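A short write-up of the structure that comes next.
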Amino acid sequence: MTTCHGFRLFVAVASRAMTGVTAAFAATGLYYVGFAVFKVAAGRMAPLRGNQIPRLALTMLSSWIFLLGLVLVLGGLWLQIIALARIPLSEGVPIFVSGLVPLLVIAVVFFGERLALREWLGLALIAAAMLLIALSIGSLPPITAHPVPLWKLAAVVVPTLCVPLLLVAFGDTSPDGRHARPVAGIAFGLASGLPVGTAELAIKGWGDAHAKGFSILSTPYPYVTVLAAAAGFGIMQVGFQRCRVAIVATVMTISAKSYLLLVGALLYGEPWPSDKGRVWLRVFGFAVAGAAVLAFPRHDTVRPVRQ
């Protein structure tokens, strides 16, 4: 009992001492190290298929390497809840995207992945998009919690969970042909990005909610977070097994964070910049982010080597 009380006290003190920006950077670091561990786990799993969800879940949860990565990602989730309760989405999203840099280093150095010129162009466009969004922030508004009606949350959550799952399930019904062109990860990145972005939308609501402790379970946010994250991580794991982590994680990140910033601002009432110049910077940033996803090639020239 004393140990449990001491741990809760430590968590409470650590949460109060941590600023929103510090929590955002720490969450980003844990997320992407966890994704790298997911990639290692994917290389040691039996072949995963999106149309066999029970088998997919059992295979993932029976891998101790995957569970290790999951612990890291859940730690990032806890820190992201702290971050999004203290800083606006417009400030948090560029920080979250910055984690792509160490992940790309891991992909190149540890997994031996190589990027074509067109793929480097896509990464450069992502950097430019995040810079434009960061420049559009201006003076930050105070953080206020806006209650979200259940119907509005459902209108956002249901399509972004059902559509990617259906696309992956129906798109994975035929076996891999010997002469089939291997996808480069765009489809898996987009399909996992929407559920992950939805989970982060729920994390934002979790951080803003007045409910404390176990009373948070009376809100829909924890359940949306778990369901959306499970769907996103499952699709991501299939993509990591078949494609390069640099491509899947990059496209997933840009689609998830763009969705988080755009829909989250509408859902939780965070204002856009009042200055027209900053509004155009943000709009142009979203346009460049979309161009970045389109810049990546749809097919790979070689299949990834299993780790």
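Order determines the names: the first chain of the structure tokens is A, the second B, and so forth; residues in each chain are numbered 1 upward, and ligands are numbered 1 upward as they are shown.
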
Which residues in range 5-196 of chain A does DSSP call helix (DSSP H, G or I)? List them as a compact mmCIF listing (two decimals) with C-alpha atoms, in the first residue's frame.
# COMPACT_ATOMS: atom_id res chain seq x y z
CA HIS A 5 0.93 5.47 -2.63
CA GLY A 6 4.56 6.46 -3.21
CA PHE A 7 4.30 5.66 -6.91
CA ARG A 8 1.12 7.75 -7.27
CA LEU A 9 2.82 10.59 -5.43
CA PHE A 10 5.83 10.36 -7.76
CA VAL A 11 3.58 10.44 -10.85
CA ALA A 12 1.68 13.46 -9.50
CA VAL A 13 4.87 15.39 -8.72
CA ALA A 14 6.40 14.53 -12.09
CA SER A 15 3.23 15.66 -13.88
CA ARG A 16 3.19 19.02 -12.10
CA ALA A 17 6.90 19.62 -12.71
CA GLY A 20 3.55 21.05 -21.84
CA VAL A 21 6.43 21.47 -24.29
CA THR A 22 8.69 19.13 -22.32
CA ALA A 23 5.92 16.53 -22.15
CA ALA A 24 5.32 16.85 -25.90
CA PHE A 25 8.99 16.24 -26.75
CA ALA A 26 9.20 13.34 -24.30
CA ALA A 27 6.01 11.79 -25.69
CA THR A 28 7.40 12.09 -29.21
CA GLY A 29 10.62 10.35 -28.24
CA LEU A 30 8.82 7.44 -26.59
CA TYR A 31 6.40 7.07 -29.50
CA TYR A 32 9.04 6.74 -32.17
CA VAL A 33 11.37 4.51 -30.20
CA GLY A 34 8.30 2.35 -29.61
CA PHE A 35 7.57 2.31 -33.35
CA ALA A 36 11.13 1.16 -34.02
CA VAL A 37 10.58 -1.71 -31.57
CA PHE A 38 7.31 -2.51 -33.41
CA LYS A 39 9.35 -2.82 -36.62
CA VAL A 40 11.72 -5.30 -34.97
CA ALA A 41 8.75 -7.28 -33.66
CA ALA A 42 7.11 -7.30 -37.10
CA GLY A 43 10.17 -8.95 -38.63
CA ILE A 53 -8.17 -9.55 -37.15
CA PRO A 54 -8.39 -12.11 -34.28
CA ARG A 55 -5.24 -13.87 -35.51
CA LEU A 56 -3.55 -10.50 -36.04
CA ALA A 57 -4.31 -9.44 -32.46
CA LEU A 58 -3.20 -12.79 -30.99
CA THR A 59 0.08 -12.74 -32.92
CA MET A 60 0.87 -9.20 -31.81
CA LEU A 61 -0.03 -9.72 -28.16
CA TRP A 64 7.20 -9.91 -26.03
CA ILE A 65 9.07 -7.51 -28.34
CA PHE A 66 5.82 -5.96 -29.49
CA LEU A 67 4.63 -5.69 -25.88
CA LEU A 68 7.87 -3.89 -25.00
CA GLY A 69 7.20 -1.38 -27.78
CA LEU A 70 3.62 -1.07 -26.58
CA VAL A 71 4.81 -0.12 -23.07
CA LEU A 72 6.95 2.65 -24.60
CA VAL A 73 4.07 3.92 -26.74
CA LEU A 74 1.68 3.87 -23.76
CA GLY A 75 4.22 5.95 -21.84
CA GLY A 76 4.17 8.39 -24.74
CA LEU A 77 0.37 8.41 -24.57
CA TRP A 78 0.44 9.40 -20.89
CA LEU A 79 2.86 12.23 -21.65
CA GLN A 80 0.76 13.37 -24.60
CA ILE A 81 -2.28 13.64 -22.33
CA ILE A 82 -0.22 15.96 -20.10
CA ALA A 83 1.07 17.95 -23.09
CA LEU A 84 -2.29 18.52 -24.77
CA LEU A 89 -2.79 21.75 -30.77
CA SER A 90 -1.10 24.27 -33.07
CA GLU A 91 1.97 24.22 -30.80
CA GLY A 92 1.93 20.51 -30.04
CA VAL A 93 1.60 19.12 -33.57
CA PRO A 94 4.94 20.46 -34.94
CA ILE A 95 6.67 19.04 -31.86
CA PHE A 96 5.07 15.64 -32.39
CA VAL A 97 6.17 15.59 -36.03
CA LEU A 100 10.40 11.73 -37.47
CA VAL A 101 14.02 12.87 -37.55
CA PRO A 102 15.41 10.32 -35.04
CA LEU A 103 13.09 7.66 -36.48
CA LEU A 104 14.58 8.19 -39.95
CA VAL A 105 18.06 7.90 -38.46
CA ILE A 106 17.04 4.60 -36.84
CA ALA A 107 15.52 3.38 -40.13
CA VAL A 108 18.68 4.15 -42.11
CA VAL A 109 21.31 3.11 -39.55
CA LEU A 117 15.27 11.01 -54.39
CA ARG A 118 11.49 11.30 -54.69
CA GLU A 119 11.10 10.08 -51.11
CA TRP A 120 13.63 12.61 -49.81
CA LEU A 121 11.58 15.26 -51.64
CA GLY A 122 8.51 14.11 -49.73
CA LEU A 123 10.39 14.42 -46.44
CA ALA A 124 11.59 17.91 -47.38
CA LEU A 125 8.00 18.93 -48.11
CA ILE A 126 6.92 17.58 -44.71
CA ALA A 127 9.59 19.68 -43.01
CA ALA A 128 8.43 22.74 -44.97
CA ALA A 129 4.78 22.07 -44.05
CA MET A 130 5.56 21.82 -40.34
CA LEU A 131 7.65 25.00 -40.52
CA LEU A 132 4.74 26.86 -42.13
CA ILE A 133 2.33 25.58 -39.48
CA ALA A 134 4.76 26.55 -36.71
CA LEU A 135 5.10 30.06 -38.19
CA LEU A 150 -21.34 12.77 -27.93
CA TRP A 151 -22.94 12.91 -31.39
CA LYS A 152 -20.20 15.20 -32.68
CA LEU A 153 -17.47 12.93 -31.33
CA ALA A 154 -19.19 9.89 -32.86
CA ALA A 155 -19.46 11.67 -36.23
CA VAL A 156 -15.69 12.09 -36.22
CA VAL A 157 -14.73 8.71 -34.75
CA VAL A 158 -16.94 6.19 -36.55
CA PRO A 159 -15.88 6.93 -40.17
CA THR A 160 -12.18 7.21 -39.35
CA LEU A 161 -12.25 3.81 -37.63
CA CYS A 162 -14.53 1.90 -39.98
CA VAL A 163 -13.21 3.06 -43.36
CA PRO A 164 -9.49 2.20 -42.80
CA LEU A 165 -10.37 -1.17 -41.24
CA LEU A 166 -12.67 -2.06 -44.14
CA LEU A 167 -10.12 -0.95 -46.73
CA VAL A 168 -7.35 -3.02 -45.17
CA ALA A 169 -9.60 -6.05 -44.60
CA PHE A 170 -11.05 -6.14 -48.12
CA GLY A 171 -7.76 -5.13 -49.71
CA ILE A 186 1.52 4.80 -48.61
CA ALA A 187 -1.68 2.79 -48.17
CA PHE A 188 -0.67 1.45 -44.77
CA GLY A 189 0.52 4.87 -43.63
CA LEU A 190 -2.75 6.55 -44.59
CA ALA A 191 -4.91 3.72 -43.24
CA SER A 192 -3.13 3.73 -39.87
CA GLY A 193 -2.81 7.53 -39.73
CA LEU A 194 -6.56 8.20 -39.47
CA PRO A 195 -7.14 5.88 -36.46
CA VAL A 196 -3.98 7.15 -34.76

Measuring atom to atom with only C-alpha atoms, identify which of A:Ala265, A:Trp272, A:Ala199, A:Arg242 is nearest to Ala230 in chain A.
-> A:Ala199

Which residues, written as a PDB file with N, CA and C atoms, in the first residue's frame, have at least one atom at most 12 Å from Pro222 in chain A, with only C-alpha atoms counted and residues fewer than 3 positions away on the same chain left out?
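Contents of the output file result.pdb:
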ATOM      1  N   LEU A  77       1.774   7.994 -24.650  1.00  0.00           N
ATOM      2  CA  LEU A  77       0.370   8.408 -24.570  1.00  0.00           C
ATOM      3  C   LEU A  77       0.111   9.195 -23.293  1.00  0.00           C
ATOM      4  N   TRP A  78       0.627   8.697 -22.171  1.00  0.00           N
ATOM      5  CA  TRP A  78       0.436   9.396 -20.892  1.00  0.00           C
ATOM      6  C   TRP A  78       1.037  10.806 -20.946  1.00  0.00           C
ATOM      7  N   ILE A  81      -1.118  13.135 -23.067  1.00  0.00           N
ATOM      8  CA  ILE A  81      -2.277  13.643 -22.331  1.00  0.00           C
ATOM      9  C   ILE A  81      -1.880  14.883 -21.531  1.00  0.00           C
ATOM     10  N   THR A 198      -7.276   9.861 -34.724  1.00  0.00           N
ATOM     11  CA  THR A 198      -8.504   9.822 -33.934  1.00  0.00           C
ATOM     12  C   THR A 198      -8.200   9.547 -32.467  1.00  0.00           C
ATOM     13  N   ALA A 199      -7.258   8.624 -32.211  1.00  0.00           N
ATOM     14  CA  ALA A 199      -6.852   8.353 -30.827  1.00  0.00           C
ATOM     15  C   ALA A 199      -6.282   9.610 -30.181  1.00  0.00           C
ATOM     16  N   GLU A 200      -5.525  10.380 -30.942  1.00  0.00           N
ATOM     17  CA  GLU A 200      -4.945  11.602 -30.399  1.00  0.00           C
ATOM     18  C   GLU A 200      -6.002  12.679 -30.188  1.00  0.00           C
ATOM     19  N   LEU A 201      -7.051  12.679 -31.019  1.00  0.00           N
ATOM     20  CA  LEU A 201      -8.185  13.574 -30.762  1.00  0.00           C
ATOM     21  C   LEU A 201      -8.814  13.259 -29.408  1.00  0.00           C
ATOM     22  N   ALA A 202      -8.973  11.952 -29.129  1.00  0.00           N
ATOM     23  CA  ALA A 202      -9.542  11.550 -27.842  1.00  0.00           C
ATOM     24  C   ALA A 202      -8.594  11.891 -26.695  1.00  0.00           C
ATOM     25  N   ILE A 203      -7.284  11.791 -26.948  1.00  0.00           N
ATOM     26  CA  ILE A 203      -6.297  12.164 -25.925  1.00  0.00           C
ATOM     27  C   ILE A 203      -6.422  13.642 -25.596  1.00  0.00           C
ATOM     28  N   LYS A 204      -6.649  14.468 -26.619  1.00  0.00           N
ATOM     29  CA  LYS A 204      -6.861  15.895 -26.397  1.00  0.00           C
ATOM     30  C   LYS A 204      -8.072  16.122 -25.486  1.00  0.00           C
ATOM     31  N   GLY A 205      -9.178  15.424 -25.782  1.00  0.00           N
ATOM     32  CA  GLY A 205     -10.360  15.545 -24.931  1.00  0.00           C
ATOM     33  C   GLY A 205     -10.116  15.015 -23.530  1.00  0.00           C
ATOM     34  N   TRP A 206      -9.320  13.960 -23.422  1.00  0.00           N
ATOM     35  CA  TRP A 206      -8.939  13.388 -22.135  1.00  0.00           C
ATOM     36  C   TRP A 206      -8.192  14.420 -21.300  1.00  0.00           C
ATOM     37  N   GLY A 207      -7.255  15.109 -21.945  1.00  0.00           N
ATOM     38  CA  GLY A 207      -6.478  16.108 -21.219  1.00  0.00           C
ATOM     39  C   GLY A 207      -7.300  17.319 -20.809  1.00  0.00           C
ATOM     40  N   ALA A 209     -10.610  17.223 -20.165  1.00  0.00           N
ATOM     41  CA  ALA A 209     -11.769  16.854 -19.363  1.00  0.00           C
ATOM     42  C   ALA A 209     -11.567  17.244 -17.899  1.00  0.00           C
ATOM     43  N   ALA A 211     -12.968  15.619 -15.519  1.00  0.00           N
ATOM     44  CA  ALA A 211     -12.986  14.402 -14.713  1.00  0.00           C
ATOM     45  C   ALA A 211     -11.561  14.016 -14.323  1.00  0.00           C
ATOM     46  N   GLY A 213      -8.936  11.188 -12.117  1.00  0.00           N
ATOM     47  CA  GLY A 213      -8.834   9.831 -11.611  1.00  0.00           C
ATOM     48  C   GLY A 213      -9.708   8.867 -12.404  1.00  0.00           C
ATOM     49  N   PHE A 214     -10.322   7.917 -11.687  1.00  0.00           N
ATOM     50  CA  PHE A 214     -11.136   6.906 -12.356  1.00  0.00           C
ATOM     51  C   PHE A 214     -12.441   7.483 -12.893  1.00  0.00           C
ATOM     52  N   SER A 215     -12.787   8.697 -12.510  1.00  0.00           N
ATOM     53  CA  SER A 215     -14.014   9.296 -13.039  1.00  0.00           C
ATOM     54  C   SER A 215     -13.907   9.592 -14.528  1.00  0.00           C
ATOM     55  N   ILE A 216     -12.685   9.581 -15.066  1.00  0.00           N
ATOM     56  CA  ILE A 216     -12.511   9.769 -16.505  1.00  0.00           C
ATOM     57  C   ILE A 216     -13.177   8.636 -17.278  1.00  0.00           C
ATOM     58  N   LEU A 217     -13.375   7.480 -16.610  1.00  0.00           N
ATOM     59  CA  LEU A 217     -14.003   6.338 -17.264  1.00  0.00           C
ATOM     60  C   LEU A 217     -15.480   6.588 -17.565  1.00  0.00           C
ATOM     61  N   SER A 218     -16.041   7.641 -16.989  1.00  0.00           N
ATOM     62  CA  SER A 218     -17.425   7.996 -17.293  1.00  0.00           C
ATOM     63  C   SER A 218     -17.535   8.818 -18.573  1.00  0.00           C
ATOM     64  N   THR A 219     -16.400   9.169 -19.171  1.00  0.00           N
ATOM     65  CA  THR A 219     -16.374   9.906 -20.431  1.00  0.00           C
ATOM     66  C   THR A 219     -16.024   8.934 -21.557  1.00  0.00           C
ATOM     67  N   THR A 225      -9.841   6.266 -27.287  1.00  0.00           N
ATOM     68  CA  THR A 225      -8.382   6.183 -27.379  1.00  0.00           C
ATOM     69  C   THR A 225      -7.925   4.752 -27.579  1.00  0.00           C
ATOM     70  N   VAL A 226      -8.431   3.831 -26.772  1.00  0.00           N
ATOM     71  CA  VAL A 226      -8.007   2.430 -26.842  1.00  0.00           C
ATOM     72  C   VAL A 226      -8.410   1.799 -28.172  1.00  0.00           C
ATOM     73  N   LEU A 227      -9.664   1.980 -28.595  1.00  0.00           N
ATOM     74  CA  LEU A 227     -10.133   1.371 -29.841  1.00  0.00           C
ATOM     75  C   LEU A 227      -9.388   1.912 -31.054  1.00  0.00           C
ATOM     76  N   ALA A 228      -9.255   3.243 -31.103  1.00  0.00           N
ATOM     77  CA  ALA A 228      -8.598   3.855 -32.260  1.00  0.00           C
ATOM     78  C   ALA A 228      -7.113   3.501 -32.297  1.00  0.00           C
ATOM     79  N   ALA A 229      -6.449   3.530 -31.139  1.00  0.00           N
ATOM     80  CA  ALA A 229      -5.032   3.185 -31.101  1.00  0.00           C
ATOM     81  C   ALA A 229      -4.817   1.722 -31.489  1.00  0.00           C
TER      82      ALA A 229
END

Using only C-alpha atoms, which residue out of A:Leu48, A:Ile254, A:Val263, A:Cys243 lies closest to Ala291 in chain A?
-> A:Ile254

Give the answer as one residue: which of A:Ala289, A:Ala46, A:Leu262, A:Leu267 has the shortest atom-to-atom distance to Thr250 in chain A, using only C-alpha atoms?
->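 The closest residue to Thr250 in chain A is A:Ala289.
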
Return the single residue from A:Gly239, A:Gly234, A:Val245, A:Lys257 that is closest to Gly197 in chain A, with distances computed using only C-alpha atoms.
-> A:Lys257
